[in-house]
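Okay, structure first, notes after.
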Number of protein chains: 2
Amino acid sequence: MSKRGRPRDFDYTSIVDVAMKTFWSKGYNGCSTHDLCSDTGLGKGSLYNTFGSKQDLYLAVVEHYHDTGIREQRALLECPGSVKERLQNFLAWALVEDFESMNPKGCLLINAGLERAKDDPKIEEIVSRHVEFLKQTMEKVMEEGLRTGEISKKRSAVDLASLFLSSYYGFRVLNASTQNRALAEQIMNGTIESIFGA
Amino acid sequence: MSKRGRPRDFDYTSIVDVAMKTFWSKGYNGCSTHDLCSDTGLGKGSLYNTFGSKQDLYLAVVEHYHDTGIREQRALLECPGSVKERLQNFLAWALVEDFESMNPKGCLLINAGLERAKDDPKIEEIVSRHVEFLKQTMEKVMEEGLRTGEISKKRSAVDLASLFLSSYYGFRVLNASTQNRALAEQIMNGTIESIFGA
DNA sequence: TAATTATTGTAACAATCAGTACAAAAATCA
DNA sequence: TGATTTTTGTACTGATTGTTACAATAATTA
């Protein structure tokens with residue numbers, strides 16, 4: 001009972017993956033459907049037949065970034081090891097993303113939120129969902145730190161997670177817009193110190 | 001010894017101010033020269049005669065935002081009062097900007113950095129300069145807090161300033177992309193708590 | 001007043017924009 | 001094989017992009 005008609009000769013998710021890089025490096029308004037076609041190798045017919053519109057493809061891209069990103073982030077935050085090590089690894093992972101990977105500009109999710117959330121409620125929804133997931137994961141980590149005594153019990157897990165969340169996104173956007181590695185390392189230090197003391 | 005020729009019948013900086021709002025709400029790639037003309041009331045002749053190009057006008061806009069912004073931020077951080085009050089006021093000011101003002105989307109400077117720093121080195125330069133100024137101002141405030149004992153002496157002013165800086169920008173971009181006021185208030189709490197303890 | 005110099009609005013530019021029309025191609029199913 | 005169904009590439013659409021050309025306008029200076 002397979003489908004009739006000519007089968008498409010490309011893989012949906014690998015096209016989304018390529019389009020992701022195009023949107024990532026140029027932004028939504030900064031890249032054209034022509035850019036997307038030439039980067040993916042698809043013709044306009046295939047692209048519009050498969051994804052409907054530039055906006056819909058962007059949604060698929062951001063959703064895909066959320067899916068893979070939240071998995072990666074949870075893996076880092078929920079892996080074995082001390083709480084301090086895990087939070088350090090989380091920031092170190094972001095540092096590599098921002099300074100040593102081929103990935104062009106910071107966190108695609110926050111870029112999408114800043115550029116499109118006001119114009120596209122679905123983008124705002126995905127970004128809010130991702131941030132909420134990430135914050136909850138961070139809260140669990142902070143609770144563990146408080147339970148084991150790694151973190152002084154004077155502060156609540158919610159406050160700690162909120163701080164780490166905002167500091168993390170500030171880290172990402174400062175990295176993307178200033179490319180200042182020395183600053184990045186000071187922020188990593190300052191963030192870890194603020195949670196675990198001197 | 002005044003200039004010859006027909007004088008322009010508009011004020012340069014007030015046009016920059018209007019263009020700032022247009023770029024702020026729509027982004028660089030998201031607004032057209034037509035948008036800029038209709039918002040400012042200028043014809044294309046005047047606009048190009050005065051500013052040269054869309055890119056040059058954007059540079060003037062971001063520079064102007066930097067000028068006025070750094071003044072406002074320093075005033076908040078260097079005013080009389082306790083260090084805690086000043087840092088709280090700083091975040092409260094950003095909260096009003098992001099949730100209660102007519103200003104459209106977060107901090108124009110960081111938006112400009114994310115959208116244009118990779119394509120326009122002059123934008124990256126302005127953003128880096130602003131961030132550097134702001135961080136130095138924050139460092140002075142933290143030094144004062146350490147000197148007076150408001151802040152526990154276990155941490156360095158540089159670490160504290162770096163943390164506050166990143167948390168501040170994370171605050172701004174999360175506000176702009178999720179419009180979640182409850183989260184914003186948790187971040188304010190978490191940030192202040194992390195500096196001054198429970 | 002006459003010469004000079006700058007600003008202004010309008011019209012136009014080629015290029016690019018997102019999206020569509022459609023026929024050829026390629027597969028499945030009967 | 002022949003009918004059906006989907007994909008694919010190409011050509012095209014009208015609208016918009018950033019920018020320029022230029023003549024009319026309006027001021028100053030001599």
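For the structure tokens, the naming scheme is as follows: chains receive sequential letters (A, B, ...) according to their order of presentation, residues are indexed from 1 within each chain, and ligands are indexed from 1 in presentation order.
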
Pick out the residues sitting within 12 Å of range 121-125 of chain B, and hand them over as a ChimeraX atom specification; count only C-alpha atoms (C1' of nucleotides), and ignore anything fewer than 4 positions along from it in its own chain.
/A:174-180 /B:28,55-63,65-66,108-117,129-132

Non-local contacts of Gly197 in chain A (8 Å; only C-alpha atoms (C1' of nucleotides); under 4 positions in same chain excluded) as a PyMOL selection string:
(chain A and resi 192-193) or (chain B and resi 154-155)

With 12 Å as the cut-off and only C-alpha atoms (C1' of nucleotides) counted, what is the closest atom pair between each nearby residue of chain D and range 5-16 of chain C? Distances in Å to one decimal, ordered by chain and number, as CSV.
residue,atom,partner,partner_atom,distance
D:DA15,C1',C:DT16,C1',10.5
D:DT16,C1',C:DT16,C1',8.4
D:DT17,C1',C:DT16,C1',6.4
D:DG18,C1',C:DA15,C1',9.3
D:DT19,C1',C:DC13,C1',8.2
D:DT20,C1',C:DC13,C1',7.4
D:DA21,C1',C:DA12,C1',8.1
D:DC22,C1',C:DA11,C1',9.2
D:DA23,C1',C:DT10,C1',9.5
D:DA24,C1',C:DT8,C1',8.3
D:DT25,C1',C:DT8,C1',7.0
D:DA26,C1',C:DT7,C1',8.0
D:DA27,C1',C:DA6,C1',8.1
D:DT28,C1',C:DT5,C1',8.2
D:DT29,C1',C:DT5,C1',10.1

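With only C-alpha atoms (C1' of nucleotides) taken into account, the protein and nucleic acid residues at most 12 Å from DG14 in chain D (excluding it and anything under 2 positions from it in its own chain) are C:DC17, C:DA18, C:DG19, C:DT20, D:DC12, D:DT16.
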
Which residues of chain A come within 6 Å of chain D, and what is each one's closest atom pair and distance in Å (one decimal), counting only C-alpha atoms (C1' of nucleotides), sorted by chain and residue number, as a Markdown table?
| residue | atom | partner | partner_atom | distance |
| --- | --- | --- | --- | --- |
| A:Arg4 | CA | D:DT5 | C1' | 5.7 |
| A:Gly5 | CA | D:DT6 | C1' | 4.1 |
| A:Arg6 | CA | D:DT6 | C1' | 4.9 |
| A:Arg8 | CA | D:DT7 | C1' | 5.9 |

I need the residues from that last selection saved to file as a PDB file, in the first residue's frame (with all heavy atoms), if you can.
ATOM      1  N   ARG A   4       1.041   6.206  -4.635  1.00  0.00           N
ATOM      2  CA  ARG A   4       1.161   6.272  -6.083  1.00  0.00           C
ATOM      3  C   ARG A   4       1.914   7.517  -6.517  1.00  0.00           C
ATOM      4  O   ARG A   4       2.135   8.430  -5.735  1.00  0.00           O
ATOM      5  CB  ARG A   4      -0.235   6.302  -6.690  1.00  0.00           C
ATOM      6  CG  ARG A   4      -0.830   4.913  -6.774  1.00  0.00           C
ATOM      7  CD  ARG A   4      -1.465   4.762  -8.095  1.00  0.00           C
ATOM      8  NE  ARG A   4      -2.821   5.310  -8.058  1.00  0.00           N
ATOM      9  CZ  ARG A   4      -3.761   4.894  -8.889  1.00  0.00           C
ATOM     10  NH1 ARG A   4      -3.517   3.936  -9.740  1.00  0.00           N
ATOM     11  NH2 ARG A   4      -4.950   5.416  -8.844  1.00  0.00           N
ATOM     12  N   GLY A   5       2.220   7.584  -7.790  1.00  0.00           N
ATOM     13  CA  GLY A   5       2.851   8.775  -8.348  1.00  0.00           C
ATOM     14  C   GLY A   5       4.355   8.750  -8.219  1.00  0.00           C
ATOM     15  O   GLY A   5       4.939   7.902  -7.552  1.00  0.00           O
ATOM     16  N   ARG A   6       4.954   9.720  -8.832  1.00  0.00           N
ATOM     17  CA  ARG A   6       6.419   9.812  -8.814  1.00  0.00           C
ATOM     18  C   ARG A   6       6.910  10.104  -7.393  1.00  0.00           C
ATOM     19  O   ARG A   6       6.445  11.041  -6.755  1.00  0.00           O
ATOM     20  CB  ARG A   6       6.839  10.953  -9.740  1.00  0.00           C
ATOM     21  CG  ARG A   6       8.328  11.164  -9.800  1.00  0.00           C
ATOM     22  CD  ARG A   6       8.635  12.244 -10.821  1.00  0.00           C
ATOM     23  NE  ARG A   6      10.041  12.575 -10.814  1.00  0.00           N
ATOM     24  CZ  ARG A   6      10.589  13.451 -11.650  1.00  0.00           C
ATOM     25  NH1 ARG A   6       9.838  14.060 -12.536  1.00  0.00           N
ATOM     26  NH2 ARG A   6      11.871  13.694 -11.599  1.00  0.00           N
ATOM     27  N   ARG A   8       9.389  11.468  -4.506  1.00  0.00           N
ATOM     28  CA  ARG A   8      10.379  12.551  -4.479  1.00  0.00           C
ATOM     29  C   ARG A   8      11.773  11.955  -4.302  1.00  0.00           C
ATOM     30  O   ARG A   8      11.953  10.934  -3.634  1.00  0.00           O
ATOM     31  CB  ARG A   8      10.057  13.564  -3.387  1.00  0.00           C
ATOM     32  CG  ARG A   8       9.961  13.024  -1.989  1.00  0.00           C
ATOM     33  CD  ARG A   8       9.820  14.165  -0.992  1.00  0.00           C
ATOM     34  NE  ARG A   8       8.605  14.937  -1.197  1.00  0.00           N
ATOM     35  CZ  ARG A   8       7.729  15.243  -0.241  1.00  0.00           C
ATOM     36  NH1 ARG A   8       7.933  14.816   0.999  1.00  0.00           N
ATOM     37  NH2 ARG A   8       6.659  15.950  -0.480  1.00  0.00           N
TER      38      ARG A   8
END

Between CA of Asp98 in chain A and CA of Ser166 in chain B, what is the spacing in Å?
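Result for CA of Ser166 in chain B versus CA of Asp98 in chain A: 14.9 Å, one decimal.
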
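In this structure, the chain B residues at most 10 Å away from chain C are Lys3, Arg4, Gly5, Arg6, Pro7, Arg8, Asp9, Leu42, Gly43, Lys44, Gly45, Ser46, Asn49 and Thr50 of chain B, with only C-alpha atoms (C1' of nucleotides) considered.
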
Would you save the residues of that selection, restricted to N, CA and C atoms, as a JSON list (two decimals), in the first residue's frame?
[["chain", "number", "residue", "atom", "x", "y", "z"],
["B", 3, "LYS", "N", 25.89, 78.49, 5.28],
["B", 3, "LYS", "CA", 26.00, 77.77, 4.01],
["B", 3, "LYS", "C", 25.09, 78.36, 2.94],
["B", 4, "ARG", "N", 25.55, 78.23, 1.74],
["B", 4, "ARG", "CA", 24.72, 78.66, 0.60],
["B", 4, "ARG", "C", 23.76, 77.56, 0.21],
["B", 5, "GLY", "N", 22.84, 77.94, -0.66],
["B", 5, "GLY", "CA", 21.90, 76.96, -1.19],
["B", 5, "GLY", "C", 20.68, 76.80, -0.33],
["B", 6, "ARG", "N", 19.73, 76.06, -0.85],
["B", 6, "ARG", "CA", 18.47, 75.84, -0.13],
["B", 6, "ARG", "C", 18.73, 75.05, 1.16],
["B", 7, "PRO", "N", 18.26, 75.57, 2.28],
["B", 7, "PRO", "CA", 18.47, 74.82, 3.52],
["B", 7, "PRO", "C", 17.46, 73.67, 3.63],
["B", 8, "ARG", "N", 17.85, 72.60, 4.30],
["B", 8, "ARG", "CA", 16.90, 71.50, 4.46],
["B", 8, "ARG", "C", 15.83, 71.86, 5.48],
["B", 9, "ASP", "N", 14.64, 71.43, 5.21],
["B", 9, "ASP", "CA", 13.55, 71.81, 6.10],
["B", 9, "ASP", "C", 13.15, 70.68, 7.06],
["B", 42, "LEU", "N", 10.20, 62.02, 4.65],
["B", 42, "LEU", "CA", 11.18, 62.47, 3.65],
["B", 42, "LEU", "C", 10.95, 61.80, 2.30],
["B", 43, "GLY", "N", 11.28, 62.50, 1.24],
["B", 43, "GLY", "CA", 11.31, 61.89, -0.08],
["B", 43, "GLY", "C", 12.62, 61.16, -0.27],
["B", 44, "LYS", "N", 12.65, 60.33, -1.32],
["B", 44, "LYS", "CA", 13.87, 59.55, -1.55],
["B", 44, "LYS", "C", 15.06, 60.45, -1.81],
["B", 45, "GLY", "N", 14.82, 61.55, -2.50],
["B", 45, "GLY", "CA", 15.89, 62.49, -2.78],
["B", 45, "GLY", "C", 16.55, 62.97, -1.51],
["B", 46, "SER", "N", 15.74, 63.47, -0.58],
["B", 46, "SER", "CA", 16.28, 63.98, 0.68],
["B", 46, "SER", "C", 16.98, 62.89, 1.47],
["B", 49, "ASN", "N", 20.21, 61.94, -0.29],
["B", 49, "ASN", "CA", 21.10, 63.10, -0.29],
["B", 49, "ASN", "C", 21.72, 63.30, 1.10],
["B", 50, "THR", "N", 20.93, 63.01, 2.14],
["B", 50, "THR", "CA", 21.38, 63.27, 3.50],
["B", 50, "THR", "C", 22.18, 62.11, 4.09]]

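Take the candidates A:Leu163, A:Val96, A:Ala157, A:Ala184 and check each one against chain B using only C-alpha atoms; the shortest distance goes to A:Leu163.
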
Å distance separating CA of Asp35 in chain A from CA of Met102 in chain A, one decimal place
18.2 Å

Selection near Ala161 in chain A, 7 Å with only C-alpha atoms (C1' of nucleotides), sequence-local residues under 2 positions removed, as a ChimeraX atom specification
/A:135,138-139,142,157-159,163-165

Requested write-out: N, CA and C atoms of the selected residues, as a PDB file, in the first residue's frame:
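Result written to part.pdb:
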ATOM      1  N   LYS A 135      14.104  25.670  30.814  1.00  0.00           N
ATOM      2  CA  LYS A 135      14.079  26.197  32.175  1.00  0.00           C
ATOM      3  C   LYS A 135      13.697  25.100  33.175  1.00  0.00           C
ATOM      4  N   MET A 138      16.612  22.912  33.727  1.00  0.00           N
ATOM      5  CA  MET A 138      17.572  23.592  34.593  1.00  0.00           C
ATOM      6  C   MET A 138      17.100  23.578  36.054  1.00  0.00           C
ATOM      7  N   GLU A 139      15.814  23.741  36.262  1.00  0.00           N
ATOM      8  CA  GLU A 139      15.281  23.717  37.629  1.00  0.00           C
ATOM      9  C   GLU A 139      15.561  22.384  38.312  1.00  0.00           C
ATOM     10  N   MET A 142      19.094  22.279  39.364  1.00  0.00           N
ATOM     11  CA  MET A 142      19.326  23.122  40.543  1.00  0.00           C
ATOM     12  C   MET A 142      18.775  22.447  41.800  1.00  0.00           C
ATOM     13  N   ALA A 157      15.423  26.933  43.653  1.00  0.00           N
ATOM     14  CA  ALA A 157      15.765  26.350  42.358  1.00  0.00           C
ATOM     15  C   ALA A 157      15.236  27.203  41.218  1.00  0.00           C
ATOM     16  N   VAL A 158      14.061  27.802  41.413  1.00  0.00           N
ATOM     17  CA  VAL A 158      13.472  28.644  40.368  1.00  0.00           C
ATOM     18  C   VAL A 158      14.356  29.865  40.100  1.00  0.00           C
ATOM     19  N   ASP A 159      14.805  30.521  41.172  1.00  0.00           N
ATOM     20  CA  ASP A 159      15.679  31.684  40.993  1.00  0.00           C
ATOM     21  C   ASP A 159      16.987  31.293  40.312  1.00  0.00           C
ATOM     22  N   LEU A 163      18.142  32.568  36.608  1.00  0.00           N
ATOM     23  CA  LEU A 163      19.415  33.253  36.412  1.00  0.00           C
ATOM     24  C   LEU A 163      20.267  32.545  35.369  1.00  0.00           C
ATOM     25  N   PHE A 164      20.372  31.237  35.491  1.00  0.00           N
ATOM     26  CA  PHE A 164      21.222  30.495  34.557  1.00  0.00           C
ATOM     27  C   PHE A 164      20.673  30.597  33.137  1.00  0.00           C
ATOM     28  N   LEU A 165      19.358  30.546  33.031  1.00  0.00           N
ATOM     29  CA  LEU A 165      18.706  30.665  31.722  1.00  0.00           C
ATOM     30  C   LEU A 165      19.021  32.009  31.068  1.00  0.00           C
TER      31      LEU A 165
END

Skipping near chain neighbours, those fewer than 6 positions away, what residues fall within 7 Å of range 11-25 of chain A using only C-alpha atoms (C1' of nucleotides), listed as a list in words?
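Result of the neighbour search: Cys31, Leu36, Asp39, Thr40, Val61, Pro104, Lys105 and Leu108 of chain A.
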
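Relative to CA of Leu183 in chain A, CA of Phe99 in chain B is found at 28.7 Å.
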
Where does DSSP see helix (DSSP H, G or I) in range 58-116 of chain A, if you list the residues as JSON, numbers by chain?
{"A": [58, 59, 60, 61, 62, 63, 64, 65, 66, 67, 68, 69, 70, 71, 72, 73, 74, 75, 76, 77, 78, 83, 84, 85, 86, 87, 88, 89, 90, 91, 92, 93, 94, 95, 96, 97, 98, 99, 108, 109, 110, 111, 112, 113, 114, 115, 116]}

Return the single residue from B:Asp119, B:Gln73, B:Phe171, B:Thr148 that is closest to Leu87 in chain B, with distances computed using only C-alpha atoms.
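Ranking B:Asp119, B:Gln73, B:Phe171, B:Thr148 by distance to Leu87 in chain B, first place goes to B:Gln73.
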
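In this comparison, which uses only C-alpha atoms, the residue of A:Ser38, A:Asn29, A:Gln88, A:Thr137 approaching chain B most closely is A:Asn29.
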
Leaving out Tyr168 in chain A and any residue of its chain fewer than 4 positions from it, which residues lie within 9 Å of it when counting only C-alpha atoms (C1' of nucleotides), given as number ranges by chain?
A: 91, 94, 163-164, 172-173, 188, 191; B: 166-167, 170
